[in-house]
$ cat structure-v7.txt   # compact mmCIF, C-alpha atoms and all ligand atoms
# COMPACT_ATOMS: atom_id res chain seq x y z
CA MET A 1 -13.86 2.27 4.78
CA LYS A 2 -12.01 2.58 8.06
CA VAL A 3 -8.33 1.86 8.74
CA THR A 4 -6.95 1.79 12.27
CA VAL A 5 -3.19 1.93 12.74
CA VAL A 6 -1.84 0.69 16.06
CA THR A 7 1.64 2.10 16.53
CA ALA A 8 4.14 3.07 19.20
CA PHE A 9 4.95 6.13 17.06
CA PRO A 10 1.61 7.83 16.30
CA ASP A 11 3.22 11.14 15.26
CA PHE A 12 4.47 9.41 12.12
CA LEU A 13 0.88 8.83 10.97
CA ASP A 14 -0.73 12.05 12.16
CA SER A 15 0.70 14.35 9.49
CA PHE A 16 0.23 11.68 6.79
CA ALA A 17 -3.49 11.47 7.56
CA ARG A 18 -3.78 15.26 7.25
CA THR A 19 -1.75 15.80 4.07
CA SER A 20 -2.40 15.79 0.32
CA ILE A 21 -4.91 13.43 -1.33
CA VAL A 22 -5.26 11.12 1.69
CA GLY A 23 -5.71 14.14 3.97
CA ARG A 24 -8.48 15.54 1.75
CA ALA A 25 -10.17 12.11 1.62
CA VAL A 26 -10.12 11.94 5.43
CA GLU A 27 -11.45 15.49 5.69
CA LYS A 28 -14.31 14.69 3.30
CA GLY A 29 -15.13 11.52 5.26
CA LEU A 30 -14.39 9.25 2.29
CA ILE A 31 -11.92 7.22 4.32
CA ASP A 32 -11.56 7.09 8.09
CA VAL A 33 -8.00 6.79 9.41
CA GLU A 34 -7.72 6.17 13.15
CA VAL A 35 -4.32 6.25 14.83
CA VAL A 36 -4.01 4.40 18.15
CA ASN A 37 -0.99 4.70 20.43
CA LEU A 38 0.18 1.27 21.52
CA ARG A 39 1.76 2.82 24.63
CA ASP A 40 -1.74 3.64 25.93
CA PHE A 41 -2.17 -0.10 26.55
CA ALA A 42 1.07 -0.57 28.48
CA GLN A 43 0.86 -1.19 32.21
CA GLY A 44 3.16 -0.64 35.19
CA ASN A 45 5.41 2.24 36.12
CA TYR A 46 7.57 1.90 33.04
CA ARG A 47 4.69 1.64 30.53
CA GLN A 48 6.62 -1.20 28.92
CA ILE A 49 5.54 -2.34 25.45
CA ASP A 50 8.48 -4.57 24.50
CA ASP A 51 10.90 -7.03 26.05
CA TYR A 52 14.00 -9.00 25.11
CA SER A 53 13.45 -11.69 22.50
CA PHE A 54 13.96 -15.20 23.85
CA GLY A 55 17.04 -16.74 22.28
CA GLY A 56 17.74 -13.48 20.46
CA LYS A 57 20.91 -11.43 20.40
CA GLY A 58 19.54 -8.53 22.39
CA GLY A 59 16.67 -7.53 20.06
CA MET A 60 13.30 -6.45 21.47
CA THR A 61 9.85 -7.84 20.64
CA LEU A 62 6.46 -6.17 21.20
CA MET A 63 4.65 -7.90 24.08
CA PRO A 64 1.56 -10.01 23.34
CA GLU A 65 -0.53 -8.81 26.29
CA VAL A 66 -0.06 -5.14 25.32
CA LEU A 67 -0.94 -5.93 21.70
CA GLU A 68 -4.00 -7.90 22.83
CA ARG A 69 -5.32 -5.04 24.97
CA ALA A 70 -4.95 -2.71 21.98
CA LEU A 71 -6.70 -5.24 19.77
CA HIS A 72 -9.69 -5.52 22.12
CA PHE A 73 -9.95 -1.71 22.01
CA VAL A 74 -9.86 -1.38 18.21
CA ARG A 75 -11.55 -4.54 16.99
CA GLY A 76 -15.17 -4.49 15.91
CA GLU A 77 -17.31 -6.93 14.02
CA GLY A 78 -15.70 -7.71 10.67
CA THR A 79 -12.32 -6.14 11.49
CA LYS A 80 -9.44 -7.69 9.55
CA VAL A 81 -6.16 -7.61 11.46
CA LEU A 82 -3.03 -6.91 9.40
CA PHE A 83 0.65 -7.09 10.28
CA PRO A 84 3.19 -5.51 7.91
CA THR A 85 6.32 -7.67 8.00
CA PRO A 86 9.12 -8.61 5.59
CA VAL A 87 8.02 -12.26 5.89
CA GLY A 88 4.48 -11.54 4.67
CA ALA A 89 2.84 -11.82 1.25
CA VAL A 90 4.11 -9.11 -1.08
CA LEU A 91 1.58 -6.29 -1.43
CA THR A 92 0.30 -6.12 -5.01
CA GLN A 93 -2.48 -4.14 -6.67
CA ASP A 94 -4.64 -7.31 -6.61
CA LEU A 95 -4.18 -7.57 -2.86
CA VAL A 96 -4.91 -3.86 -2.37
CA GLU A 97 -8.11 -4.26 -4.41
CA ALA A 98 -9.18 -7.22 -2.27
CA LEU A 99 -8.47 -5.29 0.94
CA ALA A 100 -10.39 -2.27 -0.37
CA ARG A 101 -13.55 -4.40 -0.16
CA GLU A 102 -13.16 -4.77 3.63
CA GLU A 103 -15.06 -2.55 6.02
CA HIS A 104 -12.38 -2.15 8.66
CA LEU A 105 -8.67 -2.93 8.65
CA ALA A 106 -6.55 -2.76 11.82
CA ILE A 107 -2.83 -2.54 11.04
CA PHE A 108 -0.44 -3.46 13.86
CA CYS A 109 2.93 -1.86 13.20
CA GLY A 110 5.95 -3.86 14.23
CA HIS A 111 9.10 -2.32 15.67
CA TYR A 112 12.44 -3.73 16.77
CA GLU A 113 12.18 -7.50 16.01
CA GLY A 114 8.42 -7.28 15.42
CA LEU A 115 5.31 -8.64 17.21
CA ASP A 116 5.32 -11.67 19.51
CA GLU A 117 4.54 -14.58 17.19
CA ARG A 118 1.79 -15.95 19.48
CA PHE A 119 -0.20 -12.75 18.98
CA VAL A 120 0.34 -13.06 15.22
CA GLU A 121 -0.86 -16.67 15.22
CA LYS A 122 -3.91 -15.96 17.34
CA TYR A 123 -5.17 -12.72 15.85
CA VAL A 124 -3.52 -11.67 12.58
CA ASP A 125 -5.53 -12.34 9.40
CA LEU A 126 -2.89 -11.19 6.92
CA GLU A 127 0.86 -10.55 7.05
CA TYR A 128 2.00 -8.35 4.15
CA SER A 129 5.37 -7.11 2.97
CA ILE A 130 6.02 -4.00 0.88
CA GLY A 131 9.19 -5.47 -0.64
CA ASP A 132 12.35 -7.41 -0.06
CA TYR A 133 14.12 -4.96 2.22
CA VAL A 134 13.90 -4.23 5.94
CA LEU A 135 12.58 -0.99 7.41
CA THR A 136 12.76 0.06 11.05
CA GLY A 137 9.02 -0.11 11.63
CA GLY A 138 5.60 -0.89 10.19
CA GLU A 139 4.47 2.74 9.91
CA ILE A 140 5.68 3.30 6.34
CA PRO A 141 4.15 -0.02 5.19
CA ALA A 142 0.89 1.05 6.92
CA MET A 143 0.96 4.40 5.11
CA THR A 144 1.79 2.64 1.84
CA LEU A 145 -1.29 0.46 2.14
CA ILE A 146 -3.60 3.32 3.20
CA ASP A 147 -2.37 5.47 0.30
CA ALA A 148 -2.94 2.68 -2.23
CA LEU A 149 -6.37 1.87 -0.72
CA SER A 150 -7.50 5.47 -0.74
CA ARG A 151 -6.96 5.74 -4.52
CA LEU A 152 -9.60 3.03 -4.95
CA VAL A 153 -12.25 4.76 -2.85
CA PRO A 154 -14.68 6.52 -5.23
CA GLY A 155 -14.27 10.28 -5.07
CA VAL A 156 -10.76 10.30 -3.59
CA VAL A 157 -8.80 10.68 -6.82
CA GLY A 158 -10.04 13.53 -8.98
CA LYS A 159 -11.13 13.18 -12.61
CA GLU A 160 -7.73 14.37 -13.77
CA LEU A 161 -6.15 11.15 -12.56
CA SER A 162 -7.67 8.09 -14.12
CA VAL A 163 -7.12 5.23 -11.69
CA ALA A 164 -8.15 2.66 -14.29
CA ASP A 165 -5.19 3.70 -16.48
CA ASP A 166 -2.65 3.40 -13.68
CA SER A 167 0.06 0.78 -13.69
CA PHE A 168 -1.05 -2.72 -12.60
CA TYR A 169 -4.76 -1.89 -12.67
CA ASN A 170 -5.30 -3.88 -15.87
CA GLY A 171 -2.15 -5.90 -15.44
CA MET A 172 -0.13 -3.45 -17.57
CA LEU A 173 2.34 -0.71 -16.78
CA ASP A 174 1.16 2.85 -17.40
CA THR A 175 2.12 4.66 -20.63
CA PRO A 176 4.66 7.50 -20.72
CA HIS A 177 3.10 10.94 -20.09
CA PHE A 178 3.84 14.28 -21.75
CA THR A 179 2.79 17.88 -21.22
CA ARG A 180 3.39 21.20 -22.99
CA PRO A 181 5.46 22.26 -24.87
CA ALA A 182 4.82 19.77 -27.70
CA VAL A 183 8.49 20.08 -28.69
CA TRP A 184 11.11 20.33 -25.94
CA GLN A 185 14.84 20.40 -26.66
CA GLY A 186 14.15 18.96 -30.09
CA MET A 187 12.13 16.05 -28.67
CA GLU A 188 8.57 15.75 -29.93
CA VAL A 189 5.52 14.38 -28.18
CA PRO A 190 4.20 11.34 -30.15
CA ALA A 191 2.07 12.70 -33.00
CA GLU A 192 -0.93 10.53 -32.03
CA LEU A 193 -1.24 12.34 -28.69
CA THR A 194 -1.47 15.77 -30.29
CA SER A 195 -3.70 14.58 -33.18
CA GLY A 196 -6.98 15.22 -31.34
CA ASP A 197 -8.20 11.87 -32.74
CA ASP A 198 -9.54 9.81 -29.81
CA ALA A 199 -9.24 6.48 -31.64
CA GLN A 200 -5.59 7.14 -32.55
CA ILE A 201 -4.82 8.25 -29.02
CA GLU A 202 -6.39 5.14 -27.55
CA LYS A 203 -4.51 2.89 -29.97
CA TRP A 204 -1.20 4.61 -29.10
CA ARG A 205 -1.90 4.25 -25.39
CA ARG A 206 -2.65 0.54 -25.61
CA ARG A 207 0.46 -0.15 -27.67
CA ALA A 208 2.69 1.97 -25.45
CA ALA A 209 1.42 0.22 -22.31
CA ALA A 210 1.88 -3.22 -23.84
CA SER A 211 5.36 -2.66 -25.24
CA ARG A 212 6.53 -1.06 -22.00
CA THR A 213 5.17 -3.97 -19.99
CA LEU A 214 6.79 -6.47 -22.37
CA SER A 215 10.19 -4.85 -22.12
CA ARG A 216 10.20 -3.90 -18.43
CA ARG A 217 7.90 -6.30 -16.60
CA PRO A 218 7.19 -9.39 -18.70
CA ASP A 219 6.33 -11.16 -15.42
CA LEU A 220 3.06 -9.16 -15.35
CA LEU A 221 1.86 -10.48 -18.68
CA GLY A 222 0.21 -13.56 -17.23
CA ARG A 223 -2.44 -11.29 -15.78
CA ALA A 224 -3.15 -9.17 -18.83
CA ASN A 225 -4.01 -10.23 -22.33
CA VAL A 226 -1.19 -8.50 -24.10
CA MET A 227 -2.55 -9.29 -27.56
CA ASP A 228 -5.65 -7.22 -26.78
CA TYR A 229 -3.34 -4.32 -26.22
CA LEU A 230 -0.93 -4.79 -29.08
CA GLU A 231 -3.46 -5.75 -31.78
CA ASP A 232 -0.39 -6.29 -33.91
CA GLU A 233 1.91 -9.27 -33.75
CA ALA A 234 4.78 -7.20 -35.11
CA TYR A 235 5.28 -5.89 -31.58
CA LEU A 236 5.92 -9.34 -30.16
N1 LIG A 301 13.33 -9.08 12.24
C1 LIG A 301 12.43 -8.78 11.17
C2 LIG A 301 12.80 -9.57 9.93
O1 LIG A 301 14.00 -9.70 9.66
O2 LIG A 301 11.88 -10.03 9.21
C3 LIG A 301 12.48 -7.30 10.80
C4 LIG A 301 11.87 -6.41 11.81
S1 LIG A 301 11.83 -4.76 11.26
C5 LIG A 301 13.35 -4.13 11.89
C6 LIG A 301 10.65 -4.00 12.31
C7 LIG A 301 9.26 -3.90 11.74
O3 LIG A 301 9.29 -3.10 10.57
C8 LIG A 301 8.62 -5.18 11.30
O4 LIG A 301 8.06 -5.90 12.38
C9 LIG A 301 7.56 -4.68 10.33
O5 LIG A 301 6.38 -4.27 10.98
C10 LIG A 301 8.24 -3.49 9.69
N2 LIG A 301 8.84 -3.80 8.38
C11 LIG A 301 10.15 -3.75 8.05
N3 LIG A 301 10.36 -4.05 6.78
C12 LIG A 301 9.14 -4.30 6.24
C13 LIG A 301 8.71 -4.67 4.93
N4 LIG A 301 9.56 -4.87 3.93
N5 LIG A 301 7.39 -4.85 4.74
C14 LIG A 301 6.50 -4.68 5.74
N6 LIG A 301 6.87 -4.34 7.01
C15 LIG A 301 8.17 -4.14 7.25
$ encode --input "structure-v7.txt" --output "structure tokens" --more "lines below"
Ligand code: SAM
Amino acid sequence: MKVTVVTAFPDFLDSFARTSIVGRAVEKGLIDVEVVNLRDFAQGNYRQIDDYSFGGKGGMTLMPEVLERALHFVRGEGTKVLFPTPVGAVLTQDLVEALAREEHLAIFCGHYEGLDERFVEKYVDLEYSIGDYVLTGGEIPAMTLIDALSRLVPGVVGKELSVADDSFYNGMLDTPHFTRPAVWQGMEVPAELTSGDDAQIEKWRRRAAASRTLSRRPDLLGRANVMDYLEDEAYL
């Protein structure tokens, strides 16, 4: 899959697309991350990309004609145009999974007050938020989405990390994890995990995920069948 990020601050994305798991995925050609500088589409001596918001208190808004020129440059057949914004739909694992099925996503990063709303109305397919707080720009929300998407591309996450066991994947939170030593400061790793018995381990994992989800995020339970995980009403 290909993701294009249109931003006035391309440096932000450049090191991200070269680092760690996402960087390796890009290098191997498993995911294509293109970073496009919005300023390349500005015109005039001042290369202006933003202007004062009408009726605002001095805030700036990214100009629709500059955004549109960038869009014509990046958009191909089947491109889905995304705008990260606090007023968008909250990004969930379900939404990430749906977006992972797209061929090409073009993410337009807002800055200052955001994008001119007429551009949003005319061209944006999805507005998404990464949470109920306000950041200075759309670059971190763009990186958040690309990172989450890349984990779903086959071959990106190694065998040692099982994506299917991650939080939210099956509607549950992940289990606690432990490594050596088996006893640390008097605290023991659950006996099932060191038993070597696959069935016991699996049973422990399912129960741990279910009871953690019940106590910490009961709102998730509508999506998962918690009884399948608990197999024991005593936990409810
Ligand atoms: N005036 C906007 C509001 O109150 O909704 C906030 C604009 S914010 C300072 C600038 C840009 O950062 C936004 O256009 C958006 O692209 C990005 N941004 C900030 N917080 C975000 C969030 N929680 N989710 C997604 N994008 C966010």
$ closest_atom_pairs --input "structure-v7.txt" --of "chain A" --to "ligand LIG 301 (chain A)" --cutoff "6 Å" --atoms "all atoms listed in the file" --output "JSON lines"
{"residue": "A:Pro84", "atom": "CA", "partner": "A:LIG301", "partner_atom": "N6", "distance": 4.0}
{"residue": "A:Thr85", "atom": "CA", "partner": "A:LIG301", "partner_atom": "N6", "distance": 3.5}
{"residue": "A:Pro86", "atom": "CA", "partner": "A:LIG301", "partner_atom": "C13", "distance": 4.0}
{"residue": "A:Val87", "atom": "CA", "partner": "A:LIG301", "partner_atom": "O2", "distance": 5.6}
{"residue": "A:Cys109", "atom": "CA", "partner": "A:LIG301", "partner_atom": "O5", "distance": 4.8}
{"residue": "A:Gly110", "atom": "CA", "partner": "A:LIG301", "partner_atom": "O5", "distance": 3.3}
{"residue": "A:His111", "atom": "CA", "partner": "A:LIG301", "partner_atom": "C6", "distance": 4.1}
{"residue": "A:Tyr112", "atom": "CA", "partner": "A:LIG301", "partner_atom": "C6", "distance": 4.8}
{"residue": "A:Glu113", "atom": "CA", "partner": "A:LIG301", "partner_atom": "N1", "distance": 4.2}
{"residue": "A:Gly114", "atom": "CA", "partner": "A:LIG301", "partner_atom": "O4", "distance": 3.4}
{"residue": "A:Ser129", "atom": "CA", "partner": "A:LIG301", "partner_atom": "N5", "distance": 3.5}
{"residue": "A:Ile130", "atom": "CA", "partner": "A:LIG301", "partner_atom": "N5", "distance": 4.2}
{"residue": "A:Gly131", "atom": "CA", "partner": "A:LIG301", "partner_atom": "N4", "distance": 4.6}
{"residue": "A:Asp132", "atom": "CA", "partner": "A:LIG301", "partner_atom": "N4", "distance": 5.5}
{"residue": "A:Tyr133", "atom": "CA", "partner": "A:LIG301", "partner_atom": "N4", "distance": 4.9}
{"residue": "A:Val134", "atom": "CA", "partner": "A:LIG301", "partner_atom": "N3", "distance": 3.6}
{"residue": "A:Leu135", "atom": "CA", "partner": "A:LIG301", "partner_atom": "C11", "distance": 3.7}
{"residue": "A:Thr136", "atom": "CA", "partner": "A:LIG301", "partner_atom": "C5", "distance": 4.3}
{"residue": "A:Gly137", "atom": "CA", "partner": "A:LIG301", "partner_atom": "O3", "distance": 3.2}
{"residue": "A:Gly138", "atom": "CA", "partner": "A:LIG301", "partner_atom": "O5", "distance": 3.6}
{"residue": "A:Pro141", "atom": "CA", "partner": "A:LIG301", "partner_atom": "C14", "distance": 5.2}
$ write_last_selection --input "structure-v7.txt" --atoms "C-alpha atoms" --output "PDB file, in the frame of the given file"
ATOM      1  CA  PRO A  84       3.190  -5.510   7.910  1.00  0.00           C
ATOM      2  CA  THR A  85       6.320  -7.670   8.000  1.00  0.00           C
ATOM      3  CA  PRO A  86       9.120  -8.610   5.590  1.00  0.00           C
ATOM      4  CA  VAL A  87       8.020 -12.260   5.890  1.00  0.00           C
ATOM      5  CA  CYS A 109       2.930  -1.860  13.200  1.00  0.00           C
ATOM      6  CA  GLY A 110       5.950  -3.860  14.230  1.00  0.00           C
ATOM      7  CA  HIS A 111       9.100  -2.320  15.670  1.00  0.00           C
ATOM      8  CA  TYR A 112      12.440  -3.730  16.770  1.00  0.00           C
ATOM      9  CA  GLU A 113      12.180  -7.500  16.010  1.00  0.00           C
ATOM     10  CA  GLY A 114       8.420  -7.280  15.420  1.00  0.00           C
ATOM     11  CA  SER A 129       5.370  -7.110   2.970  1.00  0.00           C
ATOM     12  CA  ILE A 130       6.020  -4.000   0.880  1.00  0.00           C
ATOM     13  CA  GLY A 131       9.190  -5.470  -0.640  1.00  0.00           C
ATOM     14  CA  ASP A 132      12.350  -7.410  -0.060  1.00  0.00           C
ATOM     15  CA  TYR A 133      14.120  -4.960   2.220  1.00  0.00           C
ATOM     16  CA  VAL A 134      13.900  -4.230   5.940  1.00  0.00           C
ATOM     17  CA  LEU A 135      12.580  -0.990   7.410  1.00  0.00           C
ATOM     18  CA  THR A 136      12.760   0.060  11.050  1.00  0.00           C
ATOM     19  CA  GLY A 137       9.020  -0.110  11.630  1.00  0.00           C
ATOM     20  CA  GLY A 138       5.600  -0.890  10.190  1.00  0.00           C
ATOM     21  CA  PRO A 141       4.150  -0.020   5.190  1.00  0.00           C
TER      22      PRO A 141
END
$ atom_distance --input "structure-v7.txt" --atom1 "atom CA of Ala148 of chain A" --atom2 "atom CA of Gly78 of chain A"
20.9 Å
$ atom_distance --input "structure-v7.txt" --atom1 "atom CA of Phe119 of chain A" --atom2 "atom CA of Lys57 of chain A"
21.2 Å
$ closest_residue --input "structure-v7.txt" --among "A:Met187, A:Ala182, A:Val33, A:Met63" --to "Arg118 of chain A" --atoms "all atoms listed in the file"
A:Met63
$ closest_residue --input "structure-v7.txt" --among "A:Leu71, A:Ala98, A:Leu152, A:Val81" --to "Asp125 of chain A" --atoms "all atoms listed in the file"
A:Val81
$ atom_distance --input "structure-v7.txt" --atom1 "atom CA of Asn170 of chain A" --atom2 "atom CA of Leu99 of chain A"
17.2 Å
$ closest_residue --input "structure-v7.txt" --among "A:Leu173, A:Leu95, A:Ala209, A:Val163" --to "Arg151 of chain A" --atoms "all atoms listed in the file"
A:Val163
$ residues_around --input "structure-v7.txt" --residues "Leu126 of chain A" --least-positions-apart "3" --cutoff "10 Å" --atoms "only C-alpha atoms" --output "number ranges by chain"
A: 80-85, 88-89, 107, 120, 123
$ residues_around --input "structure-v7.txt" --residues "Arg39 of chain A" --least-positions-apart "5" --cutoff "8 Å" --atoms "all atoms listed in the file" --output "list in words"
Ala8, Arg47, Gln48 and Ile49 of chain A
$ closest_residue --input "structure-v7.txt" --among "A:Leu221, A:Gly196, A:Leu67, A:Leu115" --to "Tyr52 of chain A" --atoms "all atoms listed in the file"
A:Leu115
$ closest_residue --input "structure-v7.txt" --among "A:Lys122, A:Asp11, A:Arg24, A:Gly29" --to "Glu65 of chain A" --atoms "only C-alpha atoms"
A:Lys122
$ closest_residue --input "structure-v7.txt" --among "A:Asp197, A:Asp219, A:Glu192, A:Glu139" --to "Met172 of chain A" --atoms "all atoms listed in the file"
A:Asp219
$ residues_around --input "structure-v7.txt" --residues "Val189 of chain A" --least-positions-apart "6" --cutoff "9 Å" --atoms "all atoms listed in the file" --output "VMD selection string"
chain A and resid 178 to 183
$ axis_aligned_box --input "structure-v7.txt" --around "segment 95-114 of chain A" --padding-each-side "6 Å" --output "AutoDock Vina command-line options"
--center_x -1.3 --center_y -4.7 --center_z 6.2 --size_x 39.5 --size_y 17.7 --size_z 33.2
